[in-house]
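J.: So I've got this file, work_30.pdb, and it contains PDB, C-alpha atoms (C1' of nucleotides):
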```pdb
ATOM      1  CA  MET A  20      31.249 -10.949  53.390  1.00  0.00           C
ATOM      2  CA  LYS A  21      33.359 -12.613  56.060  1.00  0.00           C
ATOM      3  CA  ASN A  22      37.130 -12.965  55.995  1.00  0.00           C
ATOM      4  CA  GLU A  23      40.057 -14.289  58.011  1.00  0.00           C
ATOM      5  CA  ILE A  24      42.671 -11.858  56.804  1.00  0.00           C
ATOM      6  CA  LYS A  25      43.740 -10.805  60.290  1.00  0.00           C
ATOM      7  CA  LYS A  26      44.051 -14.389  61.453  1.00  0.00           C
ATOM      8  CA  PHE A  27      46.318 -15.435  58.606  1.00  0.00           C
ATOM      9  CA  ARG A  28      48.253 -12.159  58.592  1.00  0.00           C
ATOM     10  CA  THR A  29      49.171 -12.391  62.285  1.00  0.00           C
ATOM     11  CA  LYS A  30      49.953 -16.072  61.823  1.00  0.00           C
ATOM     12  CA  LEU A  31      52.490 -14.988  59.208  1.00  0.00           C
ATOM     13  CA  GLY A  32      53.805 -12.348  61.579  1.00  0.00           C
ATOM     14  CA  ILE A  33      53.480  -9.389  59.248  1.00  0.00           C
ATOM     15  CA  THR A  34      51.949  -5.966  59.825  1.00  0.00           C
ATOM     16  CA  GLN A  35      48.968  -4.421  58.071  1.00  0.00           C
ATOM     17  CA  GLU A  36      51.372  -2.084  56.334  1.00  0.00           C
ATOM     18  CA  GLU A  37      53.541  -4.923  55.071  1.00  0.00           C
ATOM     19  CA  LEU A  38      50.554  -6.794  53.741  1.00  0.00           C
ATOM     20  CA  ALA A  39      49.291  -3.606  52.107  1.00  0.00           C
ATOM     21  CA  GLU A  40      52.593  -3.084  50.306  1.00  0.00           C
ATOM     22  CA  LYS A  41      52.743  -6.683  49.128  1.00  0.00           C
ATOM     23  CA  ALA A  42      49.157  -6.601  47.922  1.00  0.00           C
ATOM     24  CA  GLY A  43      49.613  -3.244  46.249  1.00  0.00           C
ATOM     25  CA  VAL A  44      47.081  -1.252  48.252  1.00  0.00           C
ATOM     26  CA  ARG A  45      47.065   1.332  51.043  1.00  0.00           C
ATOM     27  CA  ARG A  46      47.270   0.340  54.662  1.00  0.00           C
ATOM     28  CA  GLU A  47      43.821   1.760  55.323  1.00  0.00           C
ATOM     29  CA  THR A  48      42.406  -0.640  52.792  1.00  0.00           C
ATOM     30  CA  ILE A  49      43.756  -3.583  54.786  1.00  0.00           C
ATOM     31  CA  VAL A  50      42.450  -2.083  58.031  1.00  0.00           C
ATOM     32  CA  PHE A  51      38.937  -1.772  56.654  1.00  0.00           C
ATOM     33  CA  LEU A  52      39.027  -5.171  55.003  1.00  0.00           C
ATOM     34  CA  GLU A  53      39.973  -6.833  58.297  1.00  0.00           C
ATOM     35  CA  GLN A  54      37.118  -5.003  59.948  1.00  0.00           C
ATOM     36  CA  GLY A  55      34.662  -6.152  57.291  1.00  0.00           C
ATOM     37  CA  LYS A  56      34.015  -2.558  56.220  1.00  0.00           C
ATOM     38  CA  TYR A  57      35.366  -2.990  52.711  1.00  0.00           C
ATOM     39  CA  ASN A  58      34.366  -5.637  50.172  1.00  0.00           C
ATOM     40  CA  PRO A  59      37.375  -6.299  47.992  1.00  0.00           C
ATOM     41  CA  SER A  60      37.630  -6.721  44.273  1.00  0.00           C
ATOM     42  CA  LEU A  61      38.458 -10.248  43.146  1.00  0.00           C
ATOM     43  CA  LYS A  62      41.858  -9.026  41.999  1.00  0.00           C
ATOM     44  CA  LEU A  63      42.702  -7.703  45.445  1.00  0.00           C
ATOM     45  CA  ALA A  64      41.306 -10.808  47.144  1.00  0.00           C
ATOM     46  CA  LEU A  65      43.503 -13.046  44.994  1.00  0.00           C
ATOM     47  CA  ASN A  66      46.556 -10.903  45.711  1.00  0.00           C
ATOM     48  CA  ILE A  67      45.946 -11.031  49.442  1.00  0.00           C
ATOM     49  CA  ALA A  68      45.375 -14.783  49.330  1.00  0.00           C
ATOM     50  CA  LYS A  69      48.655 -15.199  47.491  1.00  0.00           C
ATOM     51  CA  GLU A  70      50.596 -13.058  49.956  1.00  0.00           C
ATOM     52  CA  LEU A  71      49.034 -14.866  52.907  1.00  0.00           C
ATOM     53  CA  LYS A  72      49.791 -18.215  51.284  1.00  0.00           C
ATOM     54  CA  THR A  73      46.184 -19.203  51.776  1.00  0.00           C
ATOM     55  CA  PRO A  74      43.537 -20.459  49.331  1.00  0.00           C
ATOM     56  CA  ILE A  75      41.079 -17.680  48.583  1.00  0.00           C
ATOM     57  CA  ASP A  76      38.111 -19.749  49.676  1.00  0.00           C
ATOM     58  CA  LYS A  77      39.698 -20.319  53.083  1.00  0.00           C
ATOM     59  CA  LEU A  78      40.127 -16.573  53.406  1.00  0.00           C
ATOM     60  CA  PHE A  79      36.781 -15.225  52.206  1.00  0.00           C
ATOM     61  CA  SER A  80      33.186 -16.395  52.257  1.00  0.00           C
ATOM     62  CA  LEU A  81      29.803 -14.926  51.420  1.00  0.00           C
ATOM     63  CA  SER A  82      27.551 -13.587  54.210  1.00  0.00           C
TER      64      SER A  82
ATOM     65  CA  MET B  29      42.406 -11.667  35.025  1.00  0.00           C
ATOM     66  CA  LYS B  30      41.539 -14.931  33.285  1.00  0.00           C
ATOM     67  CA  ASN B  31      38.321 -16.890  33.803  1.00  0.00           C
ATOM     68  CA  GLU B  32      36.494 -19.992  32.637  1.00  0.00           C
ATOM     69  CA  ILE B  33      32.968 -18.762  33.155  1.00  0.00           C
ATOM     70  CA  LYS B  34      31.831 -19.588  29.632  1.00  0.00           C
ATOM     71  CA  LYS B  35      33.283 -23.077  29.797  1.00  0.00           C
ATOM     72  CA  PHE B  36      31.500 -23.976  33.024  1.00  0.00           C
ATOM     73  CA  ARG B  37      28.307 -22.143  32.072  1.00  0.00           C
ATOM     74  CA  THR B  38      27.895 -24.023  28.819  1.00  0.00           C
ATOM     75  CA  LYS B  39      28.845 -27.231  30.570  1.00  0.00           C
ATOM     76  CA  LEU B  40      25.874 -26.594  32.856  1.00  0.00           C
ATOM     77  CA  GLY B  41      23.692 -25.844  29.844  1.00  0.00           C
ATOM     78  CA  ILE B  42      22.455 -22.446  30.967  1.00  0.00           C
ATOM     79  CA  THR B  43      22.307 -19.152  29.108  1.00  0.00           C
ATOM     80  CA  GLN B  44      24.109 -15.928  29.952  1.00  0.00           C
ATOM     81  CA  GLU B  45      20.771 -14.486  30.976  1.00  0.00           C
ATOM     82  CA  GLU B  46      20.032 -17.374  33.344  1.00  0.00           C
ATOM     83  CA  LEU B  47      23.437 -17.076  34.959  1.00  0.00           C
ATOM     84  CA  ALA B  48      22.982 -13.319  35.271  1.00  0.00           C
ATOM     85  CA  GLU B  49      19.667 -13.751  37.065  1.00  0.00           C
ATOM     86  CA  LYS B  50      21.060 -16.366  39.417  1.00  0.00           C
ATOM     87  CA  ALA B  51      24.096 -14.259  40.203  1.00  0.00           C
ATOM     88  CA  GLY B  52      22.046 -11.107  40.620  1.00  0.00           C
ATOM     89  CA  VAL B  53      23.565  -9.049  37.834  1.00  0.00           C
ATOM     90  CA  ARG B  54      22.647  -7.902  34.334  1.00  0.00           C
ATOM     91  CA  ARG B  55      23.196 -10.097  31.324  1.00  0.00           C
ATOM     92  CA  GLU B  56      25.676  -7.596  29.881  1.00  0.00           C
ATOM     93  CA  THR B  57      27.824  -8.027  32.964  1.00  0.00           C
ATOM     94  CA  ILE B  58      28.112 -11.756  32.244  1.00  0.00           C
ATOM     95  CA  VAL B  59      28.860 -11.070  28.577  1.00  0.00           C
ATOM     96  CA  PHE B  60      31.722  -8.733  29.457  1.00  0.00           C
ATOM     97  CA  LEU B  61      33.053 -11.004  32.166  1.00  0.00           C
ATOM     98  CA  GLU B  62      33.221 -13.941  29.767  1.00  0.00           C
ATOM     99  CA  GLN B  63      35.064 -11.720  27.310  1.00  0.00           C
ATOM    100  CA  GLY B  64      37.529 -10.631  29.970  1.00  0.00           C
ATOM    101  CA  LYS B  65      36.397  -7.010  29.665  1.00  0.00           C
ATOM    102  CA  TYR B  66      35.112  -6.741  33.222  1.00  0.00           C
ATOM    103  CA  ASN B  67      36.986  -7.594  36.421  1.00  0.00           C
ATOM    104  CA  PRO B  68      34.450  -8.764  38.961  1.00  0.00           C
ATOM    105  CA  SER B  69      34.104  -7.909  42.605  1.00  0.00           C
ATOM    106  CA  LEU B  70      34.864 -10.787  44.966  1.00  0.00           C
ATOM    107  CA  LYS B  71      31.206 -10.914  45.905  1.00  0.00           C
ATOM    108  CA  LEU B  72      30.135 -11.413  42.307  1.00  0.00           C
ATOM    109  CA  ALA B  73      32.917 -13.922  41.674  1.00  0.00           C
ATOM    110  CA  LEU B  74      31.791 -16.003  44.647  1.00  0.00           C
ATOM    111  CA  ASN B  75      28.167 -15.863  43.515  1.00  0.00           C
ATOM    112  CA  ILE B  76      29.073 -16.981  40.030  1.00  0.00           C
ATOM    113  CA  ALA B  77      31.261 -19.774  41.370  1.00  0.00           C
ATOM    114  CA  LYS B  78      28.391 -20.969  43.525  1.00  0.00           C
ATOM    115  CA  GLU B  79      25.904 -20.927  40.649  1.00  0.00           C
ATOM    116  CA  LEU B  80      28.339 -22.740  38.392  1.00  0.00           C
ATOM    117  CA  LYS B  81      29.054 -25.271  41.113  1.00  0.00           C
ATOM    118  CA  THR B  82      32.748 -24.649  40.689  1.00  0.00           C
ATOM    119  CA  PRO B  83      35.457 -23.625  43.160  1.00  0.00           C
ATOM    120  CA  ILE B  84      36.330 -19.980  42.699  1.00  0.00           C
ATOM    121  CA  ASP B  85      40.002 -20.727  42.126  1.00  0.00           C
ATOM    122  CA  LYS B  86      39.131 -23.090  39.288  1.00  0.00           C
ATOM    123  CA  LEU B  87      37.080 -20.308  37.723  1.00  0.00           C
ATOM    124  CA  PHE B  88      39.344 -17.268  38.085  1.00  0.00           C
ATOM    125  CA  SER B  89      43.077 -16.643  38.139  1.00  0.00           C
ATOM    126  CA  LEU B  90      45.335 -13.604  38.125  1.00  0.00           C
ATOM    127  CA  SER B  91      46.947 -12.480  34.835  1.00  0.00           C
TER     128      SER B  91
ATOM    129  C1'  DC C  19      12.978 -19.054   4.954  1.00  0.00           C
ATOM    130  C1'  DA C  20      11.064 -16.647   8.907  1.00  0.00           C
ATOM    131  C1'  DA C  21      10.807 -16.206  13.665  1.00  0.00           C
ATOM    132  C1'  DT C  22      12.744 -16.488  18.030  1.00  0.00           C
ATOM    133  C1'  DA C  23      16.406 -16.974  21.189  1.00  0.00           C
ATOM    134  C1'  DA C  24      21.037 -16.121  22.419  1.00  0.00           C
ATOM    135  C1'  DT C  25      24.941 -13.389  22.260  1.00  0.00           C
ATOM    136  C1'  DG C  26      27.488  -9.129  21.392  1.00  0.00           C
ATOM    137  C1'  DT C  27      28.108  -3.842  21.271  1.00  0.00           C
ATOM    138  C1'  DT C  28      28.052   1.104  22.510  1.00  0.00           C
ATOM    139  C1'  DA C  29      27.623   5.103  25.287  1.00  0.00           C
ATOM    140  C1'  DT C  30      26.589   6.964  29.478  1.00  0.00           C
ATOM    141  C1'  DA C  31      24.860   6.782  34.379  1.00  0.00           C
ATOM    142  C1'  DT C  32      25.126   4.966  38.965  1.00  0.00           C
ATOM    143  C1'  DT C  33      27.223   2.511  42.617  1.00  0.00           C
ATOM    144  C1'  DT C  34      31.057   0.479  44.883  1.00  0.00           C
ATOM    145  C1'  DT C  35      35.874   0.160  45.757  1.00  0.00           C
ATOM    146  C1'  DT C  36      40.098   2.211  46.723  1.00  0.00           C
ATOM    147  C1'  DC C  37      42.989   6.295  47.594  1.00  0.00           C
ATOM    148  C1'  DT C  38      44.472  10.199  50.129  1.00  0.00           C
ATOM    149  C1'  DA C  39      45.894  12.811  54.006  1.00  0.00           C
ATOM    150  C1'  DA C  40      45.440  14.042  58.444  1.00  0.00           C
ATOM    151  C1'  DC C  41      44.822  12.848  62.941  1.00  0.00           C
ATOM    152  C1'  DA C  42      43.765   9.546  67.022  1.00  0.00           C
ATOM    153  C1'  DT C  43      44.551   5.662  70.004  1.00  0.00           C
ATOM    154  C1'  DA C  44      46.879   1.695  71.482  1.00  0.00           C
ATOM    155  C1'  DT C  45      50.784  -1.353  72.080  1.00  0.00           C
ATOM    156  C1'  DA C  46      55.610  -2.321  72.530  1.00  0.00           C
ATOM    157  C1'  DA C  47      60.206  -1.222  73.482  1.00  0.00           C
ATOM    158  C1'  DA C  48      64.220   1.777  75.053  1.00  0.00           C
TER     159       DA C  48
ATOM    160  C1'  DT D  16      57.644   7.055  81.067  1.00  0.00           C
ATOM    161  C1'  DT D  17      58.984   8.688  76.710  1.00  0.00           C
ATOM    162  C1'  DT D  18      59.551   7.277  71.940  1.00  0.00           C
ATOM    163  C1'  DA D  19      58.472   4.483  68.232  1.00  0.00           C
ATOM    164  C1'  DT D  20      55.572   1.350  65.911  1.00  0.00           C
ATOM    165  C1'  DA D  21      51.155  -0.530  64.859  1.00  0.00           C
ATOM    166  C1'  DT D  22      46.404   0.005  64.404  1.00  0.00           C
ATOM    167  C1'  DG D  23      42.083   2.669  63.936  1.00  0.00           C
ATOM    168  C1'  DT D  24      39.121   6.707  62.170  1.00  0.00           C
ATOM    169  C1'  DT D  25      37.202  10.400  59.166  1.00  0.00           C
ATOM    170  C1'  DA D  26      35.727  12.828  55.154  1.00  0.00           C
ATOM    171  C1'  DG D  27      35.991  13.488  50.602  1.00  0.00           C
ATOM    172  C1'  DA D  28      38.265  12.482  45.884  1.00  0.00           C
ATOM    173  C1'  DA D  29      39.419   9.291  42.330  1.00  0.00           C
ATOM    174  C1'  DA D  30      39.040   5.043  40.069  1.00  0.00           C
ATOM    175  C1'  DA D  31      36.854   0.818  39.011  1.00  0.00           C
ATOM    176  C1'  DA D  32      32.714  -2.130  38.757  1.00  0.00           C
ATOM    177  C1'  DT D  33      28.069  -2.565  37.414  1.00  0.00           C
ATOM    178  C1'  DA D  34      23.607  -0.827  35.515  1.00  0.00           C
ATOM    179  C1'  DT D  35      20.878   0.826  31.868  1.00  0.00           C
ATOM    180  C1'  DA D  36      18.822   1.005  27.414  1.00  0.00           C
ATOM    181  C1'  DA D  37      18.868   0.603  22.766  1.00  0.00           C
ATOM    182  C1'  DC D  38      20.310  -1.688  18.970  1.00  0.00           C
ATOM    183  C1'  DA D  39      23.225  -5.351  16.127  1.00  0.00           C
ATOM    184  C1'  DT D  40      24.650  -9.849  14.969  1.00  0.00           C
ATOM    185  C1'  DT D  41      24.650 -14.769  15.218  1.00  0.00           C
ATOM    186  C1'  DA D  42      22.602 -19.204  16.237  1.00  0.00           C
ATOM    187  C1'  DT D  43      18.626 -22.169  16.515  1.00  0.00           C
ATOM    188  C1'  DT D  44      14.472 -24.147  15.381  1.00  0.00           C
ATOM    189  C1'  DG D  45       9.613 -24.349  13.435  1.00  0.00           C
TER     190       DG D  45
END
```
Give the structure from the file, written as structure tokens.
T.:
Amino acid sequence: MKNEIKKFRTKLGITQEELAEKAGVRRETIVFLEQGKYNPSLKLALNIAKELKTPIDKLFSLS
Amino acid sequence: MKNEIKKFRTKLGITQEELAEKAGVRRETIVFLEQGKYNPSLKLALNIAKELKTPIDKLFSLS
DNA sequence: CAATAATGTTATATTTTTCTAACATATAAA
DNA sequence: TTTATATGTTAGAAAAATATAACATTATTG
């Protein structure tokens, strides 16, 4: 599972903590997601996509 | 979490069991997903979207 | 109608995701 | 160069997703 969370987050100029709050998860969760160590639930992925103002399929892809 | 799995599955003319096999999960998982009783992982959602030849954001939406 | 296929249900087990808290390192700013 | 802010790490607990197996009901079709 690949993702571009960090790219779109920094583009928006917000911190991991801010994104975590907006998405309703802990900061550590965002850290590990950006590092590809966590595989999110669909619910979380959709929330992150919304907060990053990015279509989910631009943000995440299989493999 | 709303989804249109059943709609696109029947449109494709495949059974729950066939979709389950293609997506790599048990048939019961598909049953409960279609009924809105399960909330999928992103990985599973992407696999289902691929098998149903449908963009993930046409298939699933928050609330 | 009888048989088969498809779908639905329940209860519990296993696996995966996310949380928690504490601490560590790095980067920026006063 | 201190202080503050941002990011990274760990280990284990809690919660959520999925598996499993057995059985029930509803189509479908021969």
J.: What does the PyMOL selection byres ((chain A) within 8 of (chain C)) select in this file, as a list in words?
T.: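 This file, filtered by the PyMOL selection byres ((chain A) within 8 of (chain C)), leaves Val44, Arg45, Thr48, Tyr57, Asn58, Pro59 and Ser60 of chain A.
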J.: Tell me as a VMD selection string which residues belonging to chain D come within 10 Å of chain A, counting all atoms listed in the file.
T.: chain D and resid 21 to 24 31 to 32
J.: Leaving out Ile67 of chain A and any residue of its chain fewer than 4 positions from it, which residues lie within 7 Å of it when counting only C-alpha atoms (C1' of nucleotides), given as a short mmCIF file (atom, residue, chain, number, x, y, z; two decimals) with C-alpha atoms, in the coordinates of the input?
T.:
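File part-v5.cif, as written:
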```cif
data_model
loop_
_atom_site.label_atom_id
_atom_site.label_comp_id
_atom_site.auth_asym_id
_atom_site.auth_seq_id
_atom_site.Cartn_x
_atom_site.Cartn_y
_atom_site.Cartn_z
CA ALA A 42 49.16 -6.60 47.92
CA LEU A 63 42.70 -7.70 45.44
CA LEU A 71 49.03 -14.87 52.91
#
```
J.: How many Å lie between atom CA of Lys50 of chain B and atom CA of Lys56 of chain A, rounded to one decimal?
T.: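 Straight-line distance from atom CA of Lys50 of chain B to atom CA of Lys56 of chain A works out to 25.3 Å.
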J.: For each of B:Leu40, B:Leu70, B:Ile33, B:Ala77, take the minimum atom-to-atom distance to chain A, counting only C-alpha atoms, then give the residue where this is smallest.
T.: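 Using only C-alpha atoms, the shortest distance to chain A belongs to B:Leu70.
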J.: Counting all atoms listed in the file, collect the residues of chain A whose closest atom lies at most 10 Å from chain B, and write them out as JSON, numbers by chain.
T.: {"A": [20, 58, 59, 60, 61, 62, 63, 64, 65, 66, 74, 75, 76, 79, 80, 81, 82]}
